[in-house]
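Structure record follows, encoded as C-alpha cells.
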Amino acid sequence: MTRFTMLDKRWVRNAAVTAFWLALWQIVSLFAPEFMFAGPIQTVQSLFAMCFTRTFWFSVAGTLIKIAAGYLLAFLLGCFLAALGYRFSWFRMLLEPAVQVMKSVPVACFIVVALIWIHSEWISILTAFFVVFPVLYINVLEGLSDVDGKLLEMARLFRIPPRRKFGAIYLPALAPYLLSGCRITVGMALKAGIAGEIIGLPAHSIGEQLYLSKLYLNLDDLFAWAFVIIIISVLLEKLLICVLDKLRQGIGGRNI
C-alpha cells in the first residue's frame, strides 16, 4: 500500500490548484476575443519563441540588474538607518516624516516626478528603492525594538562581545521581521521597477517590451512577459529568503 508523505501531498495539492487555474484560463480564452485575451497555449508558444531571441535576454538582464541594485541599496540603507533610529530616538523622529511620505505617495506619481530629475535609464533603480526602503526600515526597527531587555542586561553584566551579542540576542529577534520584509518587498520592487520602465521606456528593459506588446496589440507576447515577471518574482523571493536564512544560521552558529 502506497503511503504519501507530506511532500507528496503538497505536490499533488499544488498540481491540482495549478491545473484548475490553467483550465479556467483556457476556458476564458475560448470565449474572449483574440485581440483582447491570450490563452495558455498561445502564451507558452510566445514565451518559447522569445527565449531564443537576444532581445528577451537583454531585456530581462537589464531590468533585473537595475532593480537588484535599487533593492540592495534599500536593504543596506534601511538596515543601517533602522539601527541608528533604534539607537537614537531623535534620529528616528527626524526620519519618520520622510518614511511616511515614501509610504503614502503613489508609485505612479513618484515615477512621473522622478523622470523630471533623472534619466529614464535609472528610473527602475530609484523606484525599487522608493518602495522597498520604508518597508524594510520599519520591519528592522520593529525587530530591534522587540529584543528582550533582560537578555541585553545579562549580556552587559557578563560583558559579552558585541559580535556574539548580535548573533545570540539581536539576530533571533530581528530575523522574522527581516525575512517577512524581504518576502513582501521582492515582488513590490519588481512590479514598481517595471512600472517605472513602462512609463520611462528605457532601452533593453521588460517595461519597454510590455509597452511595445500593448502598443501593437500583441496579446500573446504581453501575457508571456507577464508570465516571465511572475516566474522571476517567485524565484527571486525563494533565492533571497534562502540566502538570508543561510546567513542567519551561519552568523548564529558562529556566535552562540
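In the C-alpha cells, chains take the letters A, B, ... in the order shown, each chain's residues start at 1, and ligands count up from 1 in the order shown.
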Please list as JSON, numbers by chain every residue within 9 Å of stretch 96-107 of chain A, counting only C-alpha atoms and excluding residues in the same chain fewer than 2 positions away. {"A": [91, 92, 93, 94, 109, 110, 111, 112, 127, 130, 131, 133, 134, 135, 137, 138, 192, 195, 196]}
Neighbouring residues of A:Val132 were defined as those with any atom within 8 Å, considering only C-alpha atoms; residues of the same chain fewer than 2 positions away were excluded. Please report them as a ChimeraX atom specification. /A:71,74-75,128-130,134-136,185,188-189
Quick one: everything within 10 Å of A:Ala68, counting only C-alpha atoms, minus sequence neighbours fewer than 2 positions away in the same chain. Send it as an MDAnalysis selection string. chainID A and resid 63:66 70:74 124:125 128:129 186 189:190 193 236
Take the selection from the previous step and output its residues with N, CA and C atoms, as a CSV table (one decimal), in the first residue's frame.
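Listed below is the output, selection.csv:
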```csv
chain,number,residue,atom,x,y,z
A,63,THR,N,16.7,44.7,-16.8
A,63,THR,CA,15.7,45.0,-15.7
A,63,THR,C,16.2,44.5,-14.4
A,64,LEU,N,16.6,43.2,-14.4
A,64,LEU,CA,17.0,42.6,-13.1
A,64,LEU,C,18.2,43.3,-12.4
A,65,ILE,N,19.2,43.6,-13.2
A,65,ILE,CA,20.4,44.3,-12.7
A,65,ILE,C,20.0,45.6,-12.0
A,66,LYS,N,19.2,46.4,-12.7
A,66,LYS,CA,18.8,47.7,-12.1
A,66,LYS,C,17.9,47.6,-10.9
A,70,GLY,N,18.7,48.7,-6.9
A,70,GLY,CA,17.8,49.5,-6.1
A,70,GLY,C,17.5,48.8,-4.8
A,71,TYR,N,17.2,47.5,-4.9
A,71,TYR,CA,16.8,46.7,-3.8
A,71,TYR,C,18.0,46.6,-2.8
A,72,LEU,N,19.2,46.3,-3.3
A,72,LEU,CA,20.3,46.2,-2.4
A,72,LEU,C,20.6,47.5,-1.7
A,73,LEU,N,20.5,48.6,-2.4
A,73,LEU,CA,20.7,49.9,-1.7
A,73,LEU,C,19.7,50.1,-0.7
A,74,ALA,N,18.4,49.8,-0.9
A,74,ALA,CA,17.3,50.0,0.1
A,74,ALA,C,17.5,49.1,1.3
A,124,SER,N,14.1,52.6,-12.8
A,124,SER,CA,13.8,51.3,-12.1
A,124,SER,C,14.6,51.2,-10.8
A,125,ILE,N,15.8,51.7,-10.8
A,125,ILE,CA,16.7,51.7,-9.6
A,125,ILE,C,16.0,52.5,-8.5
A,128,ALA,N,12.5,51.1,-7.4
A,128,ALA,CA,12.7,49.9,-6.5
A,128,ALA,C,13.1,50.4,-5.1
A,129,PHE,N,14.0,51.3,-5.0
A,129,PHE,CA,14.5,51.8,-3.7
A,129,PHE,C,13.3,52.5,-3.0
A,186,VAL,N,10.2,41.9,-2.3
A,186,VAL,CA,10.8,41.4,-3.6
A,186,VAL,C,9.8,41.6,-4.8
A,189,ALA,N,9.2,45.4,-5.4
A,189,ALA,CA,10.3,46.0,-6.1
A,189,ALA,C,10.2,45.7,-7.6
A,190,LEU,N,9.9,44.5,-7.9
A,190,LEU,CA,9.8,44.1,-9.3
A,190,LEU,C,8.7,44.8,-10.0
A,193,GLY,N,9.4,48.6,-10.2
A,193,GLY,CA,10.5,48.9,-11.1
A,193,GLY,C,10.1,48.8,-12.6
A,236,LEU,N,13.1,34.9,-7.3
A,236,LEU,CA,13.9,35.8,-6.5
A,236,LEU,C,13.5,35.8,-5.1
```
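Shortest separation to A:Leu115 among A:Leu212, A:Glu197, A:Ile232, A:Thr53 occurs at residue A:Glu197, atoms counted being only C-alpha atoms.
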Shell of 9 Å around stretch 226-231 of chain A, only C-alpha atoms, local chain residues under 3 positions omitted, as a PyMOL selection string: chain A and resi 43-44+47+60+187+190-191+206+210+221-223+234-236
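Atom to atom, atom CA of A:Asp245 and atom CA of A:Leu179 stand 8.0 Å apart.
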Write out as a ChimeraX atom specification each polymer residue whose atoms come within 10 Å of A:Asn139, counting only C-alpha atoms; drop sequence neighbours fewer than 5 positions from it. /A:78-79,82,133-134,144-145,174-182
Output N, CA, C and O atoms for every residue in that selection, as a PDB file, in the first residue's frame.
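Writing done, so here's selection.pdb:
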```pdb
ATOM      1  N   GLY A  78      18.275  50.748   4.615  1.00  0.00           N
ATOM      2  CA  GLY A  78      17.175  50.535   5.548  1.00  0.00           C
ATOM      3  C   GLY A  78      17.651  49.924   6.852  1.00  0.00           C
ATOM      4  O   GLY A  78      17.254  50.357   7.941  1.00  0.00           O
ATOM      5  N   CYS A  79      18.522  48.913   6.764  1.00  0.00           N
ATOM      6  CA  CYS A  79      19.056  48.277   7.975  1.00  0.00           C
ATOM      7  C   CYS A  79      19.930  49.248   8.774  1.00  0.00           C
ATOM      8  O   CYS A  79      19.835  49.325  10.003  1.00  0.00           O
ATOM      9  N   ALA A  82      17.758  52.051  10.299  1.00  0.00           N
ATOM     10  CA  ALA A  82      16.923  51.495  11.365  1.00  0.00           C
ATOM     11  C   ALA A  82      17.749  51.267  12.620  1.00  0.00           C
ATOM     12  O   ALA A  82      17.272  51.496  13.744  1.00  0.00           O
ATOM     13  N   PHE A 133      12.524  50.594   0.626  1.00  0.00           N
ATOM     14  CA  PHE A 133      13.155  51.195   1.804  1.00  0.00           C
ATOM     15  C   PHE A 133      12.221  51.338   3.001  1.00  0.00           C
ATOM     16  O   PHE A 133      12.574  50.891   4.110  1.00  0.00           O
ATOM     17  N   PRO A 134      11.029  51.958   2.863  1.00  0.00           N
ATOM     18  CA  PRO A 134      10.211  52.153   4.068  1.00  0.00           C
ATOM     19  C   PRO A 134       9.771  50.845   4.716  1.00  0.00           C
ATOM     20  O   PRO A 134       9.702  50.760   5.943  1.00  0.00           O
ATOM     21  N   LEU A 144      14.309  45.184  16.012  1.00  0.00           N
ATOM     22  CA  LEU A 144      15.267  45.608  17.029  1.00  0.00           C
ATOM     23  C   LEU A 144      14.570  46.013  18.320  1.00  0.00           C
ATOM     24  O   LEU A 144      15.066  45.751  19.424  1.00  0.00           O
ATOM     25  N   SER A 145      13.417  46.653  18.185  1.00  0.00           N
ATOM     26  CA  SER A 145      12.664  47.074  19.370  1.00  0.00           C
ATOM     27  C   SER A 145      12.086  45.886  20.126  1.00  0.00           C
ATOM     28  O   SER A 145      11.709  46.013  21.298  1.00  0.00           O
ATOM     29  N   LEU A 174      15.452  39.769  15.309  1.00  0.00           N
ATOM     30  CA  LEU A 174      15.352  40.530  14.065  1.00  0.00           C
ATOM     31  C   LEU A 174      14.984  39.669  12.861  1.00  0.00           C
ATOM     32  O   LEU A 174      14.304  40.138  11.948  1.00  0.00           O
ATOM     33  N   ALA A 175      15.422  38.408  12.862  1.00  0.00           N
ATOM     34  CA  ALA A 175      15.278  37.550  11.678  1.00  0.00           C
ATOM     35  C   ALA A 175      13.841  37.435  11.153  1.00  0.00           C
ATOM     36  O   ALA A 175      13.620  37.586   9.946  1.00  0.00           O
ATOM     37  N   PRO A 176      12.829  37.163  11.990  1.00  0.00           N
ATOM     38  CA  PRO A 176      11.464  37.040  11.449  1.00  0.00           C
ATOM     39  C   PRO A 176      10.977  38.312  10.766  1.00  0.00           C
ATOM     40  O   PRO A 176      10.316  38.252   9.722  1.00  0.00           O
ATOM     41  N   TYR A 177      11.292  39.470  11.326  1.00  0.00           N
ATOM     42  CA  TYR A 177      10.880  40.741  10.734  1.00  0.00           C
ATOM     43  C   TYR A 177      11.609  40.984   9.415  1.00  0.00           C
ATOM     44  O   TYR A 177      11.006  41.455   8.436  1.00  0.00           O
ATOM     45  N   LEU A 178      12.896  40.652   9.384  1.00  0.00           N
ATOM     46  CA  LEU A 178      13.687  40.873   8.177  1.00  0.00           C
ATOM     47  C   LEU A 178      13.243  39.939   7.056  1.00  0.00           C
ATOM     48  O   LEU A 178      13.091  40.359   5.906  1.00  0.00           O
ATOM     49  N   LEU A 179      13.013  38.672   7.384  1.00  0.00           N
ATOM     50  CA  LEU A 179      12.552  37.715   6.381  1.00  0.00           C
ATOM     51  C   LEU A 179      11.176  38.083   5.855  1.00  0.00           C
ATOM     52  O   LEU A 179      10.906  37.994   4.656  1.00  0.00           O
ATOM     53  N   SER A 180      10.292  38.520   6.739  1.00  0.00           N
ATOM     54  CA  SER A 180       8.959  38.944   6.325  1.00  0.00           C
ATOM     55  C   SER A 180       9.027  40.169   5.405  1.00  0.00           C
ATOM     56  O   SER A 180       8.350  40.234   4.379  1.00  0.00           O
ATOM     57  N   GLY A 181       9.875  41.129   5.770  1.00  0.00           N
ATOM     58  CA  GLY A 181      10.031  42.324   4.943  1.00  0.00           C
ATOM     59  C   GLY A 181      10.579  41.995   3.570  1.00  0.00           C
ATOM     60  O   GLY A 181      10.118  42.525   2.556  1.00  0.00           O
ATOM     61  N   CYS A 182      11.554  41.099   3.518  1.00  0.00           N
ATOM     62  CA  CYS A 182      12.140  40.712   2.225  1.00  0.00           C
ATOM     63  C   CYS A 182      11.127  39.961   1.374  1.00  0.00           C
ATOM     64  O   CYS A 182      11.048  40.170   0.152  1.00  0.00           O
TER      65      CYS A 182
END
```
Contacts of A:His119 at 9 Å or less, counting only C-alpha atoms, minus same-chain residues fewer than 5 places along, as a ChimeraX atom specification? /A:114,200,202
Residue selection dump (N, CA and C atoms) as a tab-separated table (two decimals), in the first residue's frame:
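Written out: out.tsv:
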```
chain	number	residue	atom	x	y	z
A	114	ALA	N	9.92	61.70	-10.66
A	114	ALA	CA	11.32	61.28	-10.71
A	114	ALA	C	11.90	61.40	-12.12
A	200	GLY	N	8.86	55.27	-18.29
A	200	GLY	CA	10.09	55.90	-18.77
A	200	GLY	C	10.63	55.32	-20.06
A	202	PRO	N	13.00	52.89	-20.80
A	202	PRO	CA	14.44	52.75	-21.03
A	202	PRO	C	14.70	51.59	-22.00
```
